[in-house]
4 protein chains.
Amino acid sequence: METDSSPKGFVDTVINVRYAETDQLGIVYYANYFVWFEVGRVAWCRARGFDYKDLEDQYDRMMVVAEASCRYKAPARFDDDILIRTAIGSATDKVIRFDYEIRNQRTGRLLALGDTTHVVTDGSLRPARLPEEFQKLFRPA
Amino acid sequence: METDSSPKGFVDTVINVRYAETDQLGIVYYANYFVWFEVGRVAWCRARGFDYKDLEDQYDRMMVVAEASCRYKAPARFDDDILIRTAIGSATDKVIRFDYEIRNQRTGRLLALGDTTHVVTDGSLRPARLPEEFQKLFRPA
Amino acid sequence: METDSSPKGFVDTVINVRYAETDQLGIVYYANYFVWFEVGRVAWCRARGFDYKDLEDQYDRMMVVAEASCRYKAPARFDDDILIRTAIGSATDKVIRFDYEIRNQRTGRLLALGDTTHVVTDGSLRPARLPEEFQKLFRPA
Amino acid sequence: METDSSPKGFVDTVINVRYAETDQLGIVYYANYFVWFEVGRVAWCRARGFDYKDLEDQYDRMMVVAEASCRYKAPARFDDDILIRTAIGSATDKVIRFDYEIRNQRTGRLLALGDTTHVVTDGSLRPARLPEEFQKLFRPA
């Protein structure tokens with residue numbers, strides 16, 4: 001799994017579709033795209049120089065999902081290499097939106113577009129603010 | 001798992017939160033709500049007098065997800081009984097939208113609101129129409 | 001979901017196979033049986049008069065999985081009603097083994113046999129003992 | 001995700017633990033190790049020069065899981081890099097056993113040992129034999 005930063009501010013990461021992620025329709029089950037979005041967020045954080053884990057462990061800050069949506073354009077199939085592209089859509093010190101593009105890496109075909117909106121909380125799920133040193137990291141490119 | 005039809009056209013079904021559905025935040029992982037929506041759709045079909053399975057097996061029709069979204073209001077936790085309420089938001093013979101309410105069954109508290117939009121296809125994922133005998137079933141209440 | 005205690009000491013609970021649980025082979029993906037085993041354990045605890053949740057929340061005791069195995073006899077399919085039968089295989093105050101039978105509820109056909117072995121720990125995953133009031137509950141029937 | 005062949009006949013592949021794979025205990029949910037085993041099998045096939053997908057698509061052969069087991073030695077946590085090591089335990093033209101080691105890649109610590117036994121079937125899940133050109137590939141190293 002490698003990550004790169006594109007000119008548009010997207011951070012890219014690649015996964016390979018697991019058999020477990022397919023359903024009896026022979027394509028990836030729709031809920032799994034939201035798992036991939038999470039993989040994209042973690043890659044985005046790493047490309048920005050921090051581990052999402054540290055935000056939880058060291059700063060007692062969570063990014064709890066408040067909204068999530070996905071538009072499905074074409075199916076993904078077992079063993080496809082999937083390009084997950086993640087960018088910041090908007091960000092304040094309390095609310096962050098990530099945007100996602102899911103593509104077939106080999107063909108470049110767009111498979112899905114999505115976004116997730118997160119509210120910053122403390123470890124007890126109470127509203128909180130991002131630590132100041134993180135705020136600049138979450139500014140859209 | 002029992003299903004009932006409410007005056008608003010919602011079909012209700014209840015599940016119990018599985019340990020597998022939680023994450024390290026101690027709450028249900030956000031992607032699992034989309035699995036619950038699917039449980040709601042299956043219950044909705046059953047309450048309307050048919051099995052979703054038959055639509056696939058006997059009529060070679062699929063309802064492929066084109067869009068899905070969820071707004072999260074309050075967390076669900078392990079062992080909570082979850083009320084999944086499902087209704088038709090809109091429907092043509094080619095496109096069907098389901099609306100969902102997710103509630104804590106014991107407290108009645110609203111946990112999430114969501115919707116999914118489905119395109120009718122044949123078994124090869126080509127656009128198709130709902131069999132006529134199903135069309136009236138999908139009319140909003 | 002209802003639970004009953006059988007003469008053999010099995011506690012029974014029923015679930016309906018979710019679309020999410022199938023894979024492109026058109027049958028339930030093998031890892032999901034272990035999720036069902038967990039559903040069986042929770043039902044077993046409830047039938048014995050306590051919530052597994054309370055063991056964690058009130059007694060700071062976890063039952064961490066040390067071993068798990070499953071022998072698959074026949075496939076489960078979408079929308080099948082699945083009978084999960086759970087019994088204690090053996091138990092000390094430190095180690096507990098559960099045995100499982102997975103059956104198609106309608107036909108009675110045996111789909112899988114499994115077992116999981118659990119080590120009692122405290123909330124920091126250090127070895128611990130079951131609270132005394134729980135020890136008698138875990139004795140095999 | 002890269003794969004390498006070790007002197008022992010293990011094929012190695014690395015994944016990063018997803019948030020979705022954790023549970024409220026703060027560690028990876030036990031059923032997910034079986035998903036990782038499947039990732040290991042796919043990597044093993046690829047390292048032997050074929051895609052598991054082709055076995056299904058071009059040869060109408062499935063490797064249906066007949067048995068699966070796992071012994072858990074130490075927990076895996078969110079964002080850990082996990083080394084999945086896969087080898088053939090035994091193989092005939094009808095039954096194949098894979099063995100697995102799961103390790104923390106950074107520390108080398110053993111997290112789990114497992115195995116899965118597969119029966120070769122045709123696409124209708126009837127017992128079948130491996131195509132001859134595949135038989136030599138599955139011989140233990």
# chains A, B, ... in the order shown; residues from 1 in each chain; ligands from 1
$ closest_atom_pairs --of "chain D" --to "chain A" --cutoff "8 Å" --atoms "only C-alpha atoms" --output "JSON lines"
{"residue": "D:Met1", "atom": "CA", "partner": "A:Met1", "partner_atom": "CA", "distance": 5.4}
{"residue": "D:Ile15", "atom": "CA", "partner": "A:Met1", "partner_atom": "CA", "distance": 7.7}
{"residue": "D:Arg18", "atom": "CA", "partner": "A:Val39", "partner_atom": "CA", "distance": 6.6}
{"residue": "D:Tyr19", "atom": "CA", "partner": "A:Glu38", "partner_atom": "CA", "distance": 7.4}
{"residue": "D:Ala20", "atom": "CA", "partner": "A:Val35", "partner_atom": "CA", "distance": 6.4}
{"residue": "D:Val35", "atom": "CA", "partner": "A:Ala20", "partner_atom": "CA", "distance": 6.5}
{"residue": "D:Glu38", "atom": "CA", "partner": "A:Tyr19", "partner_atom": "CA", "distance": 7.4}
{"residue": "D:Val39", "atom": "CA", "partner": "A:Arg18", "partner_atom": "CA", "distance": 6.6}
{"residue": "D:Lys53", "atom": "CA", "partner": "A:Asp79", "partner_atom": "CA", "distance": 7.2}
{"residue": "D:Phe78", "atom": "CA", "partner": "A:Lys53", "partner_atom": "CA", "distance": 7.5}
{"residue": "D:Asp79", "atom": "CA", "partner": "A:Lys53", "partner_atom": "CA", "distance": 7.2}
$ residues_around --residues "A:Glu133" --least-positions-apart "2" --cutoff "12 Å" --atoms "only C-alpha atoms" --output "VMD selection string"
chain A and resid 48 to 50 55 59 93 129 to 131 135 to 139
$ write_last_selection --atoms "C-alpha atoms" --output "tab-separated table (two decimals), in the first residue's frame"
chain	number	residue	atom	x	y	z
A	48	ARG	CA	0.01	14.63	5.84
A	49	GLY	CA	2.59	13.38	8.29
A	50	PHE	CA	0.60	11.94	11.18
A	55	LEU	CA	-4.97	11.67	17.16
A	59	TYR	CA	-4.68	13.81	21.78
A	93	ASP	CA	-11.69	23.05	13.83
A	129	ARG	CA	-11.90	21.01	18.77
A	130	LEU	CA	-8.99	19.76	16.77
A	131	PRO	CA	-5.64	20.36	18.47
A	135	GLN	CA	-5.88	22.42	12.14
A	136	LYS	CA	-3.55	23.57	9.40
A	137	LEU	CA	-3.13	19.98	8.21
A	138	PHE	CA	-6.83	19.69	7.45
A	139	ARG	CA	-7.04	22.79	5.27
$ closest_residue --among "B:Arg41, B:Arg97, B:Arg106, B:Arg61" --to "B:His118" --atoms "only C-alpha atoms"
B:Arg97
$ atom_distance --atom1 "atom CA of B:Gly123" --atom2 "atom CA of A:Gly26"
10.2 Å
$ residues_around --residues "D:Gly89" --least-positions-apart "3" --cutoff "8 Å" --atoms "only C-alpha atoms" --output "MDAnalysis selection string"
chainID D and resid 96:99 140
$ select_by_dssp --residues "stretch 16-126 of chain D" --states "strand (DSSP E or B)" --output "ChimeraX atom specification"
/D:16,22,28,61-72,81-91,95-104,110-122
$ write_last_selection --atoms "C-alpha atoms" --output "PDB file, in the first residue's frame"
ATOM      1  CA  ASN D  16      -2.585  -2.642   7.279  1.00  0.00           C
ATOM      2  CA  THR D  22     -11.365  -3.618  15.290  1.00  0.00           C
ATOM      3  CA  VAL D  28      -9.011  -6.925  15.761  1.00  0.00           C
ATOM      4  CA  ARG D  61     -13.161 -24.765 -10.289  1.00  0.00           C
ATOM      5  CA  MET D  62     -13.795 -23.509  -6.751  1.00  0.00           C
ATOM      6  CA  MET D  63     -11.880 -24.215  -3.574  1.00  0.00           C
ATOM      7  CA  VAL D  64     -14.704 -24.427  -1.083  1.00  0.00           C
ATOM      8  CA  VAL D  65     -13.701 -24.204   2.560  1.00  0.00           C
ATOM      9  CA  ALA D  66     -14.337 -27.438   4.457  1.00  0.00           C
ATOM     10  CA  GLU D  67     -12.487 -26.602   7.661  1.00  0.00           C
ATOM     11  CA  ALA D  68     -10.918 -23.520   9.169  1.00  0.00           C
ATOM     12  CA  SER D  69      -9.167 -22.935  12.444  1.00  0.00           C
ATOM     13  CA  CYS D  70      -7.124 -20.279  14.161  1.00  0.00           C
ATOM     14  CA  ARG D  71      -5.109 -20.081  17.373  1.00  0.00           C
ATOM     15  CA  TYR D  72      -4.742 -16.528  18.629  1.00  0.00           C
ATOM     16  CA  ASP D  81       1.123  -3.689   9.562  1.00  0.00           C
ATOM     17  CA  ILE D  82       0.312  -7.379   9.470  1.00  0.00           C
ATOM     18  CA  LEU D  83       2.474  -9.992   7.809  1.00  0.00           C
ATOM     19  CA  ILE D  84       0.354 -12.823   6.414  1.00  0.00           C
ATOM     20  CA  ARG D  85       2.450 -15.917   5.671  1.00  0.00           C
ATOM     21  CA  THR D  86       0.809 -18.665   3.639  1.00  0.00           C
ATOM     22  CA  ALA D  87       2.045 -22.121   2.714  1.00  0.00           C
ATOM     23  CA  ILE D  88       0.583 -25.371   1.459  1.00  0.00           C
ATOM     24  CA  GLY D  89       0.168 -27.813   4.321  1.00  0.00           C
ATOM     25  CA  SER D  90      -0.913 -30.732   2.160  1.00  0.00           C
ATOM     26  CA  ALA D  91      -2.532 -31.200  -1.220  1.00  0.00           C
ATOM     27  CA  VAL D  95      -8.307 -31.511  -1.107  1.00  0.00           C
ATOM     28  CA  ILE D  96      -5.873 -28.714  -0.294  1.00  0.00           C
ATOM     29  CA  ARG D  97      -4.767 -27.441   3.101  1.00  0.00           C
ATOM     30  CA  PHE D  98      -3.216 -24.033   3.575  1.00  0.00           C
ATOM     31  CA  ASP D  99      -1.253 -23.091   6.699  1.00  0.00           C
ATOM     32  CA  TYR D 100      -0.926 -19.517   7.923  1.00  0.00           C
ATOM     33  CA  GLU D 101       1.191 -17.462  10.241  1.00  0.00           C
ATOM     34  CA  ILE D 102       0.030 -13.978  11.174  1.00  0.00           C
ATOM     35  CA  ARG D 103       2.739 -11.692  12.513  1.00  0.00           C
ATOM     36  CA  ASN D 104       3.152  -8.070  13.437  1.00  0.00           C
ATOM     37  CA  LEU D 110       3.542 -14.053  16.219  1.00  0.00           C
ATOM     38  CA  LEU D 111      -0.127 -13.092  16.470  1.00  0.00           C
ATOM     39  CA  ALA D 112      -1.903 -16.179  15.191  1.00  0.00           C
ATOM     40  CA  LEU D 113      -1.529 -19.565  13.548  1.00  0.00           C
ATOM     41  CA  GLY D 114      -4.197 -21.036  11.360  1.00  0.00           C
ATOM     42  CA  ASP D 115      -5.143 -23.428   8.642  1.00  0.00           C
ATOM     43  CA  THR D 116      -7.931 -23.911   6.147  1.00  0.00           C
ATOM     44  CA  THR D 117      -8.876 -27.048   4.250  1.00  0.00           C
ATOM     45  CA  HIS D 118     -10.508 -26.736   0.857  1.00  0.00           C
ATOM     46  CA  VAL D 119     -12.395 -29.162  -1.301  1.00  0.00           C
ATOM     47  CA  VAL D 120     -12.172 -28.678  -5.055  1.00  0.00           C
ATOM     48  CA  THR D 121     -15.603 -28.315  -6.669  1.00  0.00           C
ATOM     49  CA  ASP D 122     -17.075 -27.204  -9.946  1.00  0.00           C
TER      50      ASP D 122
END
$ atom_distance --atom1 "atom CA of C:Gly108" --atom2 "atom CA of C:Ile27"
17.6 Å
$ atom_distance --atom1 "atom CA of D:Gln24" --atom2 "atom CA of D:Phe37"
22.4 Å
$ select_by_dssp --residues "stretch 24-89 of chain C" --states "alpha helix (DSSP H)" --output "list in words"
Asn32, Tyr33, Phe34, Val35, Trp36, Phe37, Glu38, Val39, Gly40, Arg41, Val42, Ala43, Trp44, Cys45, Arg46, Ala47, Tyr52, Lys53, Asp54, Leu55, Glu56, Asp57, Gln58 and Tyr59 of chain C
$ write_last_selection --atoms "C-alpha atoms" --output "mmCIF file, in the first residue's frame"
data_model
loop_
_atom_site.group_PDB
_atom_site.id
_atom_site.type_symbol
_atom_site.label_atom_id
_atom_site.label_comp_id
_atom_site.auth_asym_id
_atom_site.auth_seq_id
_atom_site.Cartn_x
_atom_site.Cartn_y
_atom_site.Cartn_z
ATOM 1 C CA ASN C 32 -19.183 -15.097 8.872
ATOM 2 C CA TYR C 33 -19.852 -18.352 10.710
ATOM 3 C CA PHE C 34 -17.551 -17.049 13.429
ATOM 4 C CA VAL C 35 -19.721 -13.947 13.703
ATOM 5 C CA TRP C 36 -22.726 -16.256 14.084
ATOM 6 C CA PHE C 37 -20.884 -18.173 16.815
ATOM 7 C CA GLU C 38 -20.567 -14.863 18.655
ATOM 8 C CA VAL C 39 -24.306 -14.279 18.234
ATOM 9 C CA GLY C 40 -24.763 -17.750 19.733
ATOM 10 C CA ARG C 41 -22.546 -16.918 22.725
ATOM 11 C CA VAL C 42 -24.511 -13.766 23.451
ATOM 12 C CA ALA C 43 -27.765 -15.736 23.246
ATOM 13 C CA TRP C 44 -26.288 -18.401 25.517
ATOM 14 C CA CYS C 45 -25.394 -15.807 28.150
ATOM 15 C CA ARG C 46 -28.843 -14.253 27.948
ATOM 16 C CA ALA C 47 -30.502 -17.667 28.363
ATOM 17 C CA TYR C 52 -22.315 -10.668 28.184
ATOM 18 C CA LYS C 53 -22.123 -6.868 28.114
ATOM 19 C CA ASP C 54 -22.419 -6.768 31.914
ATOM 20 C CA LEU C 55 -19.483 -9.100 32.295
ATOM 21 C CA GLU C 56 -17.437 -6.466 30.458
ATOM 22 C CA ASP C 57 -19.030 -3.341 31.877
ATOM 23 C CA GLN C 58 -19.649 -4.303 35.499
ATOM 24 C CA TYR C 59 -17.034 -6.950 36.205
#
